[in-house]
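Visitor: Sharing a structure here in structure tokens format.
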Amino acid sequence: MSTRFSFSLAATDGKARTGTISTPRGEIRTPAFMPVGTAATVKAMMPESVAATGADILLGNTYHLMLRPTAERVARLGGLHKFMNWDKPILTDSGGFQVMSLAELRKLTEEGVSFRSHVDGSKHMLTPERSMEIQKLLGSDIVMCFDECPALPADHDRIAQSMRLSMRWAQRSRDAFGDRPGHALFGIQQGGDVEELRGESAEALRGIEFDGYAIGGLAVGEGQEIMFQVLDYAPGMLPVDKPRYLMGVGKPDDIVGAVKRGVDMMDCVLPSRSGRTGQAWTRRGQVNVKNARHADDPRPLDEQCTCPTCRNYSRAYLHHVYRAQEMISGMLLTWHNLHYYQDLMAGMRAAIAEQRFDAWEAGFHAERARGDIEPL
């Protein structure tokens, strides 16, 4: 097993790439989907079940963990991996996005962001230096720079101002991260939907030098069309020999479109959040188990799926336990959704390796266009 962090490309097909990120805690096959374990748990899942779906890495959340149970407590208890019983790699985000979207009474300055906790109203200050310290205490394998992310649409000046602040914070994050063999620091490209600002951001990040590069500031309300327009050029602005991570994406067709445009890593709460609200993702699109049509249906969610939910439970059962508000409903649907997402990634990795990505993608869209199986 690798003692340091590295990335190797195995194959490309058009702009789509497949490869391996090596870390001391294990290898991450790319393109990779990272389930989100916000508060040191992927909701409704046991860690070993998450691993069984094929996930090589999880995401943890700096903002939530610094507030509860606190990074200092996690460190005293042996670090995040031990605390949550996950021995594979963990990526932690910097907390910047959550401060902007969740915290109360936040105030942004050159220094950082002061805010009140949404949990108990306590006052906190998050700076690039403090974000690096928290992520070090958590012991995450991939650390993200502290950045600011404006919601789109926003005007040119607001996007430019925010991006330049994020680039100054990127340098401070790099300085505070220091030399930590086996751990990686990723820079985050900003610039909204403005090509020249994305270029300026990428240049600043390349000048600082990071172990990987994220594309931030997308999936924040701009819609798929604009996101894909940005992804048509943004990944190509980043170094070819480092992983590229698109933050907070997305629906299956968003993910396929991102991989097609050169993205290596993604994360999203969607498979787990959908699972808790009665939504299943299948190769034939979304299935809403709440609907009465499933009440007498003995068939699985997806005949081709090999997850425990599809192997062992009917649509009728899933409909029943959702209606009865039984806890197992969220567990079974989340397991299925995460399995489906990992299946999707495995399918793309194989297709890129065999130079048949276009044909695979056409099949993916054709299958989804058919819609769910006919009711009985």
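Just so we're on the same page: first chain in the structure tokens is A, next is B, and so on; residues restart at 1 for each chain, and ligands are numbered from 1 in the order they show up.
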Near segment 123-140 of chain A, counting only C-alpha atoms, which residues have an atom at most 9 Å away, once you skip same-chain residues fewer than 2 positions from it, shown as a ChimeraX atom specification?
Guide: /A:60,62-63,65-67,70-76,78-81,89-96,99,111-117,121,142-147,169-177,183-184
Visitor: Sorted by chain and rising residue number, which residues of segment 129-216 of chain A lie within 8 Å of segment 224-235 of chain A, and what are their closest atom pairs and distances in Å to one decimal, counting only C-alpha atoms, as a tab-separated table?
Guide:
residue	atom	partner	partner_atom	distance
A:Asp193	CA	A:Val230	CA	6.0
A:Val194	CA	A:Val230	CA	7.9
A:Glu195	CA	A:Val230	CA	7.2
A:Arg198	CA	A:Ala234	CA	6.7
A:Gly199	CA	A:Ala234	CA	7.7
A:Ile215	CA	A:Ala234	CA	7.5
Visitor: Report as a list in words all protein, DNA and RNA residues lying within 9 Å of Gly371 of chain A, evaluated on only C-alpha atoms, omitting residues in the same chain fewer than 3 positions from it.
Guide: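 That gives Arg283, Arg284, Gly285, Gln286, Glu367, Arg368 and Glu374 of chain A.
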Visitor: Quick check for you: according to DSSP on this backbone, which residues of segment 183-231 of chain A are classed as strand (DSSP E)? Reply as a PyMOL selection string.
Guide: chain A and resi 184-189+212-215
Visitor: Would you pick out the contacts of Glu354 of chain A at 9 Å or less, using only C-alpha atoms, so that residues sharing its chain but fewer than 5 positions from it are not included, and give the list as a PyMOL selection string?
Guide: chain A and resi 11+13+349
Visitor: Would you mind exporting all heavy atoms of the selected residues as a compact mmCIF listing (two decimals), in the first residue's frame?
Guide:
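As a result, part.txt now contains:
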# COMPACT_ATOMS: atom_id res chain seq x y z
N ALA A 11 -6.42 5.31 -18.36
CA ALA A 11 -6.97 5.40 -19.72
C ALA A 11 -7.80 6.66 -19.86
O ALA A 11 -8.34 7.17 -18.88
CB ALA A 11 -7.83 4.18 -20.04
N ASP A 13 -10.81 8.44 -22.71
CA ASP A 13 -11.66 8.23 -23.88
C ASP A 13 -12.35 9.56 -24.12
O ASP A 13 -13.24 9.96 -23.36
CB ASP A 13 -12.69 7.13 -23.58
CG ASP A 13 -13.49 6.75 -24.82
OD1 ASP A 13 -13.31 7.39 -25.88
OD2 ASP A 13 -14.32 5.82 -24.72
N ARG A 349 -16.08 3.49 -15.49
CA ARG A 349 -14.65 3.13 -15.45
C ARG A 349 -14.34 2.07 -16.50
O ARG A 349 -13.35 2.18 -17.23
CB ARG A 349 -14.25 2.65 -14.04
CG ARG A 349 -14.23 3.76 -13.00
CD ARG A 349 -13.55 3.33 -11.72
NE ARG A 349 -14.24 2.28 -11.00
CZ ARG A 349 -15.08 2.48 -9.97
NH1 ARG A 349 -15.35 3.72 -9.56
NH2 ARG A 349 -15.66 1.46 -9.37
Visitor: Between A:Arg261, A:Arg25, A:Arg370, A:His64, which one has atoms that come closest to Trp86 of chain A, using only C-alpha atoms?
Guide: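 Ranking A:Arg261, A:Arg25, A:Arg370, A:His64 by distance to Trp86 of chain A, first place goes to A:Arg25.
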Visitor: Per DSSP on the backbone, filter segment 260-372 of chain A down to the residues in alpha helix (DSSP H) and report them as a ChimeraX atom specification.
Guide: /A:260,270-276,308-312,315-323,327-353,357-369
Visitor: From the set A:Gly187, A:Gly182, A:Pro252, A:Gly216, which residue has the shortest atom-to-atom contact distance to Arg4 of chain A, counting only C-alpha atoms?
Guide: A:Gly182
Visitor: Quick one: residues within 7 Å of Ala44 of chain A, only C-alpha atoms, excluding same-chain residues fewer than 4 positions away - as a list in words?
Guide: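 Counting only the stated atoms, we get Gly330, Met331 and Thr334 of chain A.
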Visitor: Return the single residue from A:Cys305, A:Met84, A:Leu9, A:Ala160 that is closest to Thr41 of chain A, with distances computed using only C-alpha atoms.
Guide: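 Of the candidates, the smallest distance to Thr41 of chain A is held by A:Met84.
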Visitor: Could you give me, as CSV, a per-residue list for segment 152-247 of chain A showing, wherever an atom lies at most 10 Å from an atom of segment 26-37 of chain A, the closest pair of atoms and their distance in Å to one decimal, using only C-alpha atoms and sorting by chain then residue number from low to high?
Guide:
residue,atom,partner,partner_atom,distance
A:Pro243,CA,A:Thr30,CA,8.7
A:Arg244,CA,A:Pro31,CA,9.5
A:Tyr245,CA,A:Ala32,CA,9.1
Visitor: Using only C-alpha atoms, pick whichever of A:Glu48, A:Asp297, A:Glu303, A:Asp254 has the shortest atom-to-atom distance to Leu376 of chain A.
Guide: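 Once distances to Leu376 of chain A are computed over only C-alpha atoms, the minimum belongs to A:Asp297.
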